[in-house]
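For reference, input_12.cif (mmCIF, C-alpha atoms and all ligand atoms):
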data_data
#
loop_
_atom_site.group_PDB
_atom_site.id
_atom_site.type_symbol
_atom_site.label_atom_id
_atom_site.label_comp_id
_atom_site.auth_asym_id
_atom_site.auth_seq_id
_atom_site.Cartn_x
_atom_site.Cartn_y
_atom_site.Cartn_z
ATOM 1 C CA MET A 1 -77.905 -16.503 -21.730
ATOM 2 C CA TYR A 2 -78.780 -15.754 -25.313
ATOM 3 C CA ASN A 3 -80.883 -13.186 -27.078
ATOM 4 C CA ILE A 4 -82.344 -15.154 -29.954
ATOM 5 C CA VAL A 5 -83.242 -13.147 -33.047
ATOM 6 C CA ILE A 6 -85.400 -15.047 -35.538
ATOM 7 C CA VAL A 7 -85.623 -13.437 -38.973
ATOM 8 C CA ALA A 8 -86.886 -14.352 -42.417
ATOM 9 C CA HIS A 9 -84.093 -12.963 -44.590
ATOM 10 C CA PRO A 10 -80.441 -11.943 -44.436
ATOM 11 C CA ASP A 11 -80.482 -8.183 -43.594
ATOM 12 C CA ASP A 12 -83.681 -8.348 -41.478
ATOM 13 C CA GLU A 13 -81.453 -8.801 -38.428
ATOM 14 C CA ILE A 14 -79.800 -5.451 -39.226
ATOM 15 C CA PHE A 15 -82.977 -3.530 -40.093
ATOM 16 C CA TRP A 16 -84.987 -4.528 -37.073
ATOM 17 C CA MET A 17 -82.300 -5.160 -34.443
ATOM 18 C CA GLY A 18 -79.002 -3.740 -35.733
ATOM 19 C CA ALA A 19 -78.685 -0.754 -33.410
ATOM 20 C CA ASN A 20 -79.620 -2.908 -30.405
ATOM 21 C CA MET A 21 -77.039 -5.538 -31.245
ATOM 22 C CA VAL A 22 -74.326 -2.941 -31.775
ATOM 23 C CA ALA A 23 -75.285 -1.144 -28.552
ATOM 24 C CA ARG A 24 -75.166 -4.310 -26.449
ATOM 25 C CA PRO A 25 -71.992 -6.165 -27.548
ATOM 26 C CA GLU A 26 -71.493 -7.759 -24.121
ATOM 27 C CA GLU A 27 -74.652 -9.842 -24.596
ATOM 28 C CA HIS A 28 -74.774 -13.119 -26.543
ATOM 29 C CA TRP A 29 -76.717 -12.837 -29.759
ATOM 30 C CA HIS A 30 -77.865 -15.863 -31.711
ATOM 31 C CA ILE A 31 -79.461 -15.188 -35.077
ATOM 32 C CA VAL A 32 -81.679 -17.702 -36.801
ATOM 33 C CA CYS A 33 -82.159 -16.813 -40.452
ATOM 34 C CA VAL A 34 -84.949 -18.845 -42.028
ATOM 35 C CA THR A 35 -84.134 -18.375 -45.726
ATOM 36 C CA TYR A 36 -80.906 -18.702 -47.743
ATOM 37 C CA ASN A 37 -77.829 -20.753 -47.009
ATOM 38 C CA ALA A 38 -74.098 -20.487 -47.558
ATOM 39 C CA LYS A 39 -74.488 -21.276 -51.272
ATOM 40 C CA SER A 40 -76.091 -17.918 -52.006
ATOM 41 C CA LEU A 41 -74.572 -14.460 -52.014
ATOM 42 C CA ARG A 42 -77.034 -13.073 -49.457
ATOM 43 C CA GLY A 43 -76.408 -16.076 -47.248
ATOM 44 C CA ARG A 44 -72.651 -15.589 -47.440
ATOM 45 C CA GLU A 45 -72.958 -11.898 -46.657
ATOM 46 C CA PHE A 46 -75.067 -12.755 -43.627
ATOM 47 C CA ARG A 47 -72.408 -15.191 -42.354
ATOM 48 C CA ARG A 48 -69.633 -12.680 -42.865
ATOM 49 C CA ILE A 49 -71.421 -10.028 -40.806
ATOM 50 C CA CYS A 50 -72.320 -12.451 -38.012
ATOM 51 C CA LYS A 51 -68.757 -13.706 -37.756
ATOM 52 C CA ARG A 52 -67.360 -10.207 -37.740
ATOM 53 C CA TYR A 53 -69.545 -9.263 -34.779
ATOM 54 C CA LYS A 54 -69.198 -12.651 -33.066
ATOM 55 C CA TRP A 55 -72.921 -13.324 -33.243
ATOM 56 C CA THR A 56 -73.655 -17.030 -33.429
ATOM 57 C CA PHE A 57 -76.070 -17.976 -36.193
ATOM 58 C CA HIS A 58 -77.974 -20.730 -37.934
ATOM 59 C CA GLN A 59 -79.187 -20.570 -41.508
ATOM 60 C CA LEU A 60 -82.217 -22.782 -42.049
ATOM 61 C CA GLY A 61 -81.979 -22.565 -45.843
ATOM 62 C CA PHE A 62 -85.666 -22.240 -46.698
ATOM 63 C CA LEU A 63 -86.324 -21.102 -50.243
ATOM 64 C CA ASP A 64 -86.987 -17.464 -51.020
ATOM 65 C CA LYS A 65 -87.455 -16.068 -54.484
ATOM 66 C CA GLY A 66 -86.736 -12.442 -53.970
ATOM 67 C CA ARG A 67 -89.823 -10.291 -53.937
ATOM 68 C CA GLU A 68 -92.303 -12.956 -54.957
ATOM 69 C CA GLN A 69 -92.626 -13.963 -51.295
ATOM 70 C CA PRO A 70 -93.305 -17.697 -51.748
ATOM 71 C CA ILE A 71 -95.207 -19.301 -48.894
ATOM 72 C CA LEU A 72 -92.916 -21.189 -46.546
ATOM 73 C CA ASN A 73 -93.749 -24.778 -45.651
ATOM 74 C CA ASN A 74 -95.450 -24.209 -42.295
ATOM 75 C CA VAL A 75 -95.078 -27.717 -40.899
ATOM 76 C CA LYS A 76 -91.396 -27.796 -41.738
ATOM 77 C CA LEU A 77 -90.935 -24.273 -40.421
ATOM 78 C CA VAL A 78 -92.504 -25.062 -37.055
ATOM 79 C CA SER A 79 -90.580 -28.319 -36.606
ATOM 80 C CA THR A 80 -87.263 -26.733 -37.612
ATOM 81 C CA LEU A 81 -87.733 -23.799 -35.251
ATOM 82 C CA TYR A 82 -88.793 -26.200 -32.524
ATOM 83 C CA GLN A 83 -85.529 -28.145 -32.904
ATOM 84 C CA GLU A 84 -83.607 -24.906 -32.891
ATOM 85 C CA LEU A 85 -85.137 -23.465 -29.718
ATOM 86 C CA ARG A 86 -85.564 -26.669 -27.737
ATOM 87 C CA MET A 87 -81.907 -26.962 -26.777
ATOM 88 C CA TYR A 88 -81.764 -23.344 -25.547
ATOM 89 C CA LYS A 89 -84.995 -23.745 -23.629
ATOM 90 C CA ARG A 90 -83.949 -27.019 -21.964
ATOM 91 C CA ARG A 91 -80.750 -25.515 -20.713
ATOM 92 C CA ASN A 92 -82.494 -22.318 -19.668
ATOM 93 C CA LEU A 93 -80.305 -20.309 -21.996
ATOM 94 C CA ILE A 94 -82.914 -17.945 -23.418
ATOM 95 C CA ASN A 95 -82.723 -14.381 -22.202
ATOM 96 C CA HIS A 96 -85.073 -12.827 -24.770
ATOM 97 C CA ILE A 97 -86.583 -13.733 -28.150
ATOM 98 C CA TYR A 98 -86.945 -11.147 -30.923
ATOM 99 C CA THR A 99 -88.879 -11.821 -34.114
ATOM 100 C CA HIS A 100 -91.311 -10.504 -36.737
ATOM 101 C CA SER A 101 -94.711 -9.116 -35.794
ATOM 102 C CA HIS A 102 -98.137 -10.529 -36.649
ATOM 103 C CA ARG A 103 -98.448 -7.836 -39.306
ATOM 104 C CA GLY A 104 -95.144 -8.796 -40.889
ATOM 105 C CA GLU A 105 -94.192 -5.172 -40.120
ATOM 106 C CA TYR A 106 -95.084 -3.803 -43.560
ATOM 107 C CA GLY A 107 -97.202 -6.820 -44.520
ATOM 108 C CA HIS A 108 -94.528 -9.257 -45.675
ATOM 109 C CA LEU A 109 -96.069 -12.708 -45.945
ATOM 110 C CA GLN A 110 -92.996 -14.658 -44.836
ATOM 111 C CA HIS A 111 -92.488 -12.336 -41.856
ATOM 112 C CA ARG A 112 -96.072 -13.083 -40.816
ATOM 113 C CA GLN A 113 -95.567 -16.824 -41.223
ATOM 114 C CA ILE A 114 -92.468 -16.748 -39.044
ATOM 115 C CA HIS A 115 -94.316 -14.792 -36.365
ATOM 116 C CA GLN A 116 -97.018 -17.467 -36.251
ATOM 117 C CA ALA A 117 -94.487 -20.301 -36.249
ATOM 118 C CA VAL A 118 -92.500 -18.765 -33.375
ATOM 119 C CA ARG A 119 -95.718 -18.311 -31.395
ATOM 120 C CA THR A 120 -96.570 -21.973 -31.906
ATOM 121 C CA VAL A 121 -93.086 -23.126 -30.903
ATOM 122 C CA VAL A 122 -92.810 -21.053 -27.721
ATOM 123 C CA ARG A 123 -96.244 -22.301 -26.676
ATOM 124 C CA SER A 124 -95.275 -25.945 -27.078
ATOM 125 C CA LEU A 125 -91.940 -25.391 -25.353
ATOM 126 C CA LYS A 126 -93.718 -23.567 -22.529
ATOM 127 C CA TYR A 127 -91.313 -20.675 -22.830
ATOM 128 C CA ARG A 128 -92.627 -17.855 -20.663
ATOM 129 C CA GLY A 129 -89.737 -15.427 -20.911
ATOM 130 C CA PRO A 130 -89.770 -12.148 -22.804
ATOM 131 C CA ILE A 131 -90.516 -11.897 -26.521
ATOM 132 C CA SER A 132 -90.387 -8.691 -28.557
ATOM 133 C CA TYR A 133 -91.781 -8.195 -32.032
ATOM 134 C CA PHE A 134 -90.320 -5.928 -34.676
ATOM 135 C CA GLN A 135 -92.148 -2.691 -35.196
ATOM 136 C CA TRP A 136 -92.842 -0.576 -38.229
ATOM 137 C CA ASP A 137 -94.522 2.781 -37.785
ATOM 138 C CA VAL A 138 -95.829 4.759 -40.771
ATOM 139 C CA THR A 139 -94.411 8.029 -39.535
ATOM 140 C CA GLN A 140 -91.276 6.877 -37.749
ATOM 141 C CA GLY A 141 -90.385 3.878 -39.904
ATOM 142 C CA ILE A 142 -88.472 1.175 -38.060
ATOM 143 C CA VAL A 143 -88.782 1.383 -34.292
ATOM 144 C CA GLU A 144 -86.241 -0.859 -32.590
ATOM 145 C CA PRO A 145 -86.842 -2.358 -29.158
ATOM 146 C CA ASN A 146 -85.453 -0.020 -26.438
ATOM 147 C CA GLN A 147 -85.262 2.689 -29.078
ATOM 148 C CA GLU A 148 -85.113 5.394 -26.397
ATOM 149 C CA LEU A 149 -81.828 3.982 -25.076
ATOM 150 C CA LEU A 150 -80.094 3.904 -28.439
ATOM 151 C CA LEU A 151 -77.645 6.617 -29.423
ATOM 152 C CA PRO A 152 -76.869 8.200 -32.832
ATOM 153 C CA GLN A 153 -73.617 6.213 -32.956
ATOM 154 C CA HIS A 154 -75.572 2.971 -32.769
ATOM 155 C CA PHE A 155 -77.698 3.987 -35.744
ATOM 156 C CA LYS A 156 -74.625 5.022 -37.698
ATOM 157 C CA ALA A 157 -73.087 1.618 -37.053
ATOM 158 C CA LYS A 158 -76.358 0.021 -38.097
ATOM 159 C CA ARG A 159 -76.333 1.854 -41.399
ATOM 160 C CA LYS A 160 -72.768 0.718 -42.056
ATOM 161 C CA LEU A 161 -73.827 -2.852 -41.417
ATOM 162 C CA ALA A 162 -76.779 -2.518 -43.799
ATOM 163 C CA MET A 163 -74.385 -1.279 -46.473
ATOM 164 C CA LEU A 164 -72.359 -4.497 -46.230
ATOM 165 C CA TYR A 165 -75.184 -6.250 -48.062
ATOM 166 C CA SER A 166 -74.834 -5.905 -51.827
ATOM 167 C CA LYS A 167 -78.612 -5.596 -52.054
ATOM 168 C CA SER A 168 -78.194 -2.079 -50.653
ATOM 169 C CA LYS A 169 -76.400 -1.090 -53.860
ATOM 170 C CA GLU A 170 -79.333 -1.961 -56.109
ATOM 171 C CA PRO A 171 -80.398 1.192 -57.964
ATOM 172 C CA ASP A 172 -84.061 1.003 -56.956
ATOM 173 C CA ILE A 173 -83.379 0.229 -53.318
ATOM 174 C CA GLU A 174 -84.478 3.619 -52.035
ATOM 175 C CA ARG A 175 -87.991 2.846 -53.200
ATOM 176 C CA TYR A 176 -88.251 0.558 -50.212
ATOM 177 C CA PRO A 177 -89.193 2.462 -47.078
ATOM 178 C CA TRP A 178 -87.240 0.268 -44.659
ATOM 179 C CA TRP A 179 -84.009 0.808 -46.592
ATOM 180 C CA LYS A 180 -84.640 4.492 -46.966
ATOM 181 C CA GLN A 181 -84.960 4.818 -43.232
ATOM 182 C CA VAL A 182 -81.616 3.153 -42.628
ATOM 183 C CA LEU A 183 -79.784 4.884 -45.446
ATOM 184 C CA SER A 184 -80.988 8.403 -44.771
ATOM 185 C CA TYR A 185 -80.291 8.466 -41.067
ATOM 186 C CA ASP A 186 -77.985 11.505 -41.286
ATOM 187 C CA GLN A 187 -80.716 13.700 -42.686
ATOM 188 C CA THR A 188 -83.209 12.887 -39.973
HETATM 189 ZN ZN ZN B 1 -87.406 -9.853 -44.566
#
Could I get this structure in the form of structure tokens?
Amino acid sequence: MYNIVIVAHPDDEIFWMGANMVARPEEHWHIVCVTYNAKSLRGREFRRICKRYKWTFHQLGFLDKGREQPILNNVKLVSTLYQELRMYKRRNLINHIYTHSHRGEYGHLQHRQIHQAVRTVVRSLKYRGPISYFQWDVTQGIVEPNQELLLPQHFKAKRKLAMLYSKSKEPDIERYPWWKQVLSYDQT
């Protein structure tokens, strides 16, 4: 049985699910990353982290242009995600699906598009198992699923994972609330 984590960008899997994945290494994690492929630095970093933690993954290679948030091709997105999930559904291999929320957490357009696409796909596949959506809270920041069960060590490991992305070394990165929350864990 697989926990399937569907994210827009390399590093989303760490921000929204990292502590959970570290805390539950005995479970099978399959990460579907909609943008970037192995030809890009972010895509390669994503692969390296997945391999290191023995998470299976699939990079769909949709185009992203950094912070401009281009609109993803919805038809293509739905059909690609359908192909991806169909095999798992047919074989009854889905334990849980995790993906972006209808708000795109902090309003990210591509996160919102992926939420809608996943909703469409699970409806047509008649998947009735559990789905959890990522959560962003103005006061608490990122709230992971099962947050109450996670220990400080899991968050420390999560921060280390986030630091494996070279994006985390950009000088202005702390301007972004989701990074700040991961990076400043020790002070909280
Ligand atoms: Zn993202």
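Put simply, the PyMOL selection byres (((chain A and resi 159) around 9) and not hetatm) in this file takes in A:Ile14, A:Phe15, A:Gly18, A:Ala19, A:His154, A:Phe155, A:Lys156, A:Ala157, A:Lys158, A:Lys160, A:Leu161, A:Ala162, A:Met163, A:Leu164, A:Val182, A:Leu183, A:Ser184, A:Tyr185.
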With the cut-off set at 9 Å and counting only C-alpha atoms and all ligand atoms, tabulate each residue of chain A with an atom at most that distance from an atom of ligand ZN 1 (chain B), showing the nearest atom pair and its distance in Å to one decimal, ordered by chain and increasing number, as JSON lines.
{"residue": "A:Val7", "atom": "CA", "partner": "B:ZN1", "partner_atom": "ZN", "distance": 6.9}
{"residue": "A:Ala8", "atom": "CA", "partner": "B:ZN1", "partner_atom": "ZN", "distance": 5.0}
{"residue": "A:His9", "atom": "CA", "partner": "B:ZN1", "partner_atom": "ZN", "distance": 4.5}
{"residue": "A:Pro10", "atom": "CA", "partner": "B:ZN1", "partner_atom": "ZN", "distance": 7.3}
{"residue": "A:Asp11", "atom": "CA", "partner": "B:ZN1", "partner_atom": "ZN", "distance": 7.2}
{"residue": "A:Asp12", "atom": "CA", "partner": "B:ZN1", "partner_atom": "ZN", "distance": 5.1}
{"residue": "A:Glu13", "atom": "CA", "partner": "B:ZN1", "partner_atom": "ZN", "distance": 8.6}
{"residue": "A:Phe15", "atom": "CA", "partner": "B:ZN1", "partner_atom": "ZN", "distance": 8.9}
{"residue": "A:His100", "atom": "CA", "partner": "B:ZN1", "partner_atom": "ZN", "distance": 8.8}
{"residue": "A:Gly104", "atom": "CA", "partner": "B:ZN1", "partner_atom": "ZN", "distance": 8.6}
{"residue": "A:His108", "atom": "CA", "partner": "B:ZN1", "partner_atom": "ZN", "distance": 7.2}
{"residue": "A:Gln110", "atom": "CA", "partner": "B:ZN1", "partner_atom": "ZN", "distance": 7.4}
{"residue": "A:His111", "atom": "CA", "partner": "B:ZN1", "partner_atom": "ZN", "distance": 6.3}
Take the selection from the previous step and output its residues with C-alpha atoms, as a short mmCIF file (atom, residue, chain, number, x, y, z; two decimals), in the frame of the given file.
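Wrote it out as selection_38.cif, contents follow:
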data_model
loop_
_atom_site.label_atom_id
_atom_site.label_comp_id
_atom_site.auth_asym_id
_atom_site.auth_seq_id
_atom_site.Cartn_x
_atom_site.Cartn_y
_atom_site.Cartn_z
CA VAL A 7 -85.62 -13.44 -38.97
CA ALA A 8 -86.89 -14.35 -42.42
CA HIS A 9 -84.09 -12.96 -44.59
CA PRO A 10 -80.44 -11.94 -44.44
CA ASP A 11 -80.48 -8.18 -43.59
CA ASP A 12 -83.68 -8.35 -41.48
CA GLU A 13 -81.45 -8.80 -38.43
CA PHE A 15 -82.98 -3.53 -40.09
CA HIS A 100 -91.31 -10.50 -36.74
CA GLY A 104 -95.14 -8.80 -40.89
CA HIS A 108 -94.53 -9.26 -45.68
CA GLN A 110 -93.00 -14.66 -44.84
CA HIS A 111 -92.49 -12.34 -41.86
#
Write out as a PDB file with C-alpha atoms, keeping the file's coordinate frame which residues come within 12 Å of A:His102 when counting all atoms listed in the file, dropping same-chain ones fewer than 4 positions away.
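The result, stored in out.pdb:
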ATOM      1  CA  TYR A 106     -95.084  -3.803 -43.560  1.00  0.00           C
ATOM      2  CA  GLY A 107     -97.202  -6.820 -44.520  1.00  0.00           C
ATOM      3  CA  HIS A 108     -94.528  -9.257 -45.675  1.00  0.00           C
ATOM      4  CA  LEU A 109     -96.069 -12.708 -45.945  1.00  0.00           C
ATOM      5  CA  GLN A 110     -92.996 -14.658 -44.836  1.00  0.00           C
ATOM      6  CA  HIS A 111     -92.488 -12.336 -41.856  1.00  0.00           C
ATOM      7  CA  ARG A 112     -96.072 -13.083 -40.816  1.00  0.00           C
ATOM      8  CA  GLN A 113     -95.567 -16.824 -41.223  1.00  0.00           C
ATOM      9  CA  ILE A 114     -92.468 -16.748 -39.044  1.00  0.00           C
ATOM     10  CA  HIS A 115     -94.316 -14.792 -36.365  1.00  0.00           C
ATOM     11  CA  GLN A 116     -97.018 -17.467 -36.251  1.00  0.00           C
ATOM     12  CA  ALA A 117     -94.487 -20.301 -36.249  1.00  0.00           C
ATOM     13  CA  VAL A 118     -92.500 -18.765 -33.375  1.00  0.00           C
ATOM     14  CA  ARG A 119     -95.718 -18.311 -31.395  1.00  0.00           C
ATOM     15  CA  SER A 132     -90.387  -8.691 -28.557  1.00  0.00           C
ATOM     16  CA  TYR A 133     -91.781  -8.195 -32.032  1.00  0.00           C
ATOM     17  CA  PHE A 134     -90.320  -5.928 -34.676  1.00  0.00           C
ATOM     18  CA  GLN A 135     -92.148  -2.691 -35.196  1.00  0.00           C
ATOM     19  CA  TRP A 136     -92.842  -0.576 -38.229  1.00  0.00           C
TER      20      TRP A 136
END
A:Trp16, A:Gln147, A:Gly61, A:Lys51 ranked by distance to A:Ala38, top pick (using all atoms listed in the file): A:Gly61
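Evaluating the PyMOL selection byres (((chain A and resi 26) around 12) and not hetatm) against the shown model yields Met1, Tyr2, Asn3, Asn20, Met21, Val22, Ala23, Arg24, Pro25, Glu27, His28, Trp29, Tyr53, Lys54 and Trp55 of chain A.
Taking atom CA of A:Tyr88 and atom CA of A:Arg123 as the two end points, the separation is 14.6 Å.
The gap separating atom CA of A:Gly141 from atom CA of A:Gln59 is 26.9 Å, in Å to one decimal.
The space between atom CA of A:His58 and atom CA of A:Val34 spans 8.3 Å.
Taken over the shown file, the PyMOL selection byres (((chain A and resi 82) around 10) and not hetatm) identifies Lys76, Leu77, Val78, Ser79, Thr80, Leu81, Gln83, Glu84, Leu85, Arg86, Met87, Lys89, Ala117, Val118, Thr120, Val121, Val122, Ser124 and Leu125 of chain A.
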Please report, as a Markdown table, each residue of stretch 40-110 of chain A lying at most 8 Å from stretch 165-173 of chain A, together with the nearest pair of atoms and the separation in Å rounded to one decimal; use only C-alpha atoms, and order rows by chain and ascending residue number.
| residue | atom | partner | partner_atom | distance |
| --- | --- | --- | --- | --- |
| A:Arg42 | CA | A:Tyr165 | CA | 7.2 |
| A:Glu45 | CA | A:Tyr165 | CA | 6.2 |
| A:Phe46 | CA | A:Tyr165 | CA | 7.9 |
Expected axis-aligned box over every listed atom of stretch 9-18 of chain A, 8 Å added per side, centre plus edges in Å to one decimal, as lines of an AutoDock Vina configuration file:
center_x = -82.0
center_y = -8.2
center_z = -39.5
size_x = 22.0
size_y = 25.4
size_z = 26.1
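Of the residues listed (A:Ser101, A:Asn92, A:Asn74, A:Asn37), A:Ser101 shows the shortest atom-to-atom separation from A:Ile6; distances use only C-alpha atoms.
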Add whatever atoms are absent from stretch 94-108 of chain A to reach N, CA and C atoms, and provide the output as an mmCIF file, in the frame of the given file.
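Result written to out.cif:
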data_model
loop_
_atom_site.group_PDB
_atom_site.id
_atom_site.type_symbol
_atom_site.label_atom_id
_atom_site.label_comp_id
_atom_site.auth_asym_id
_atom_site.auth_seq_id
_atom_site.Cartn_x
_atom_site.Cartn_y
_atom_site.Cartn_z
ATOM 1 N N ILE A 94 -82.277 -19.042 -22.673
ATOM 2 C CA ILE A 94 -82.914 -17.945 -23.418
ATOM 3 C C ILE A 94 -83.137 -16.737 -22.520
ATOM 4 N N ASN A 95 -82.537 -15.635 -22.927
ATOM 5 C CA ASN A 95 -82.723 -14.381 -22.202
ATOM 6 C C ASN A 95 -83.932 -13.629 -22.762
ATOM 7 N N HIS A 96 -84.036 -13.612 -24.104
ATOM 8 C CA HIS A 96 -85.073 -12.827 -24.770
ATOM 9 C C HIS A 96 -85.196 -13.355 -26.203
ATOM 10 N N ILE A 97 -86.393 -13.359 -26.740
ATOM 11 C CA ILE A 97 -86.583 -13.733 -28.150
ATOM 12 C C ILE A 97 -87.093 -12.504 -28.902
ATOM 13 N N TYR A 98 -86.515 -12.258 -30.062
ATOM 14 C CA TYR A 98 -86.945 -11.147 -30.923
ATOM 15 C C TYR A 98 -87.329 -11.719 -32.280
ATOM 16 N N THR A 99 -88.495 -11.331 -32.789
ATOM 17 C CA THR A 99 -88.879 -11.821 -34.114
ATOM 18 C C THR A 99 -89.909 -10.894 -34.781
ATOM 19 N N HIS A 100 -90.369 -11.311 -35.959
ATOM 20 C CA HIS A 100 -91.311 -10.504 -36.737
ATOM 21 C C HIS A 100 -92.670 -10.379 -36.033
ATOM 22 N N SER A 101 -93.407 -9.358 -36.426
ATOM 23 C CA SER A 101 -94.711 -9.116 -35.794
ATOM 24 C C SER A 101 -95.833 -9.807 -36.568
ATOM 25 N N HIS A 102 -97.010 -9.853 -35.990
ATOM 26 C CA HIS A 102 -98.137 -10.529 -36.649
ATOM 27 C C HIS A 102 -98.533 -9.825 -37.943
ATOM 28 N N ARG A 103 -98.151 -8.565 -38.071
ATOM 29 C CA ARG A 103 -98.448 -7.836 -39.306
ATOM 30 C C ARG A 103 -97.356 -8.020 -40.357
ATOM 31 N N GLY A 104 -96.276 -8.710 -39.975
ATOM 32 C CA GLY A 104 -95.144 -8.796 -40.889
ATOM 33 C C GLY A 104 -94.547 -7.422 -41.116
ATOM 34 N N GLU A 105 -94.632 -6.563 -40.071
ATOM 35 C CA GLU A 105 -94.192 -5.172 -40.120
ATOM 36 C C GLU A 105 -94.925 -4.414 -41.232
ATOM 37 N N TYR A 106 -94.446 -4.520 -42.445
ATOM 38 C CA TYR A 106 -95.084 -3.803 -43.560
ATOM 39 C C TYR A 106 -95.904 -4.766 -44.421
ATOM 40 N N GLY A 107 -96.305 -5.896 -43.816
ATOM 41 C CA GLY A 107 -97.202 -6.820 -44.520
ATOM 42 C C GLY A 107 -96.525 -7.983 -45.217
ATOM 43 N N HIS A 108 -95.240 -8.178 -44.981
ATOM 44 C CA HIS A 108 -94.528 -9.257 -45.675
ATOM 45 C C HIS A 108 -95.057 -10.626 -45.234
#
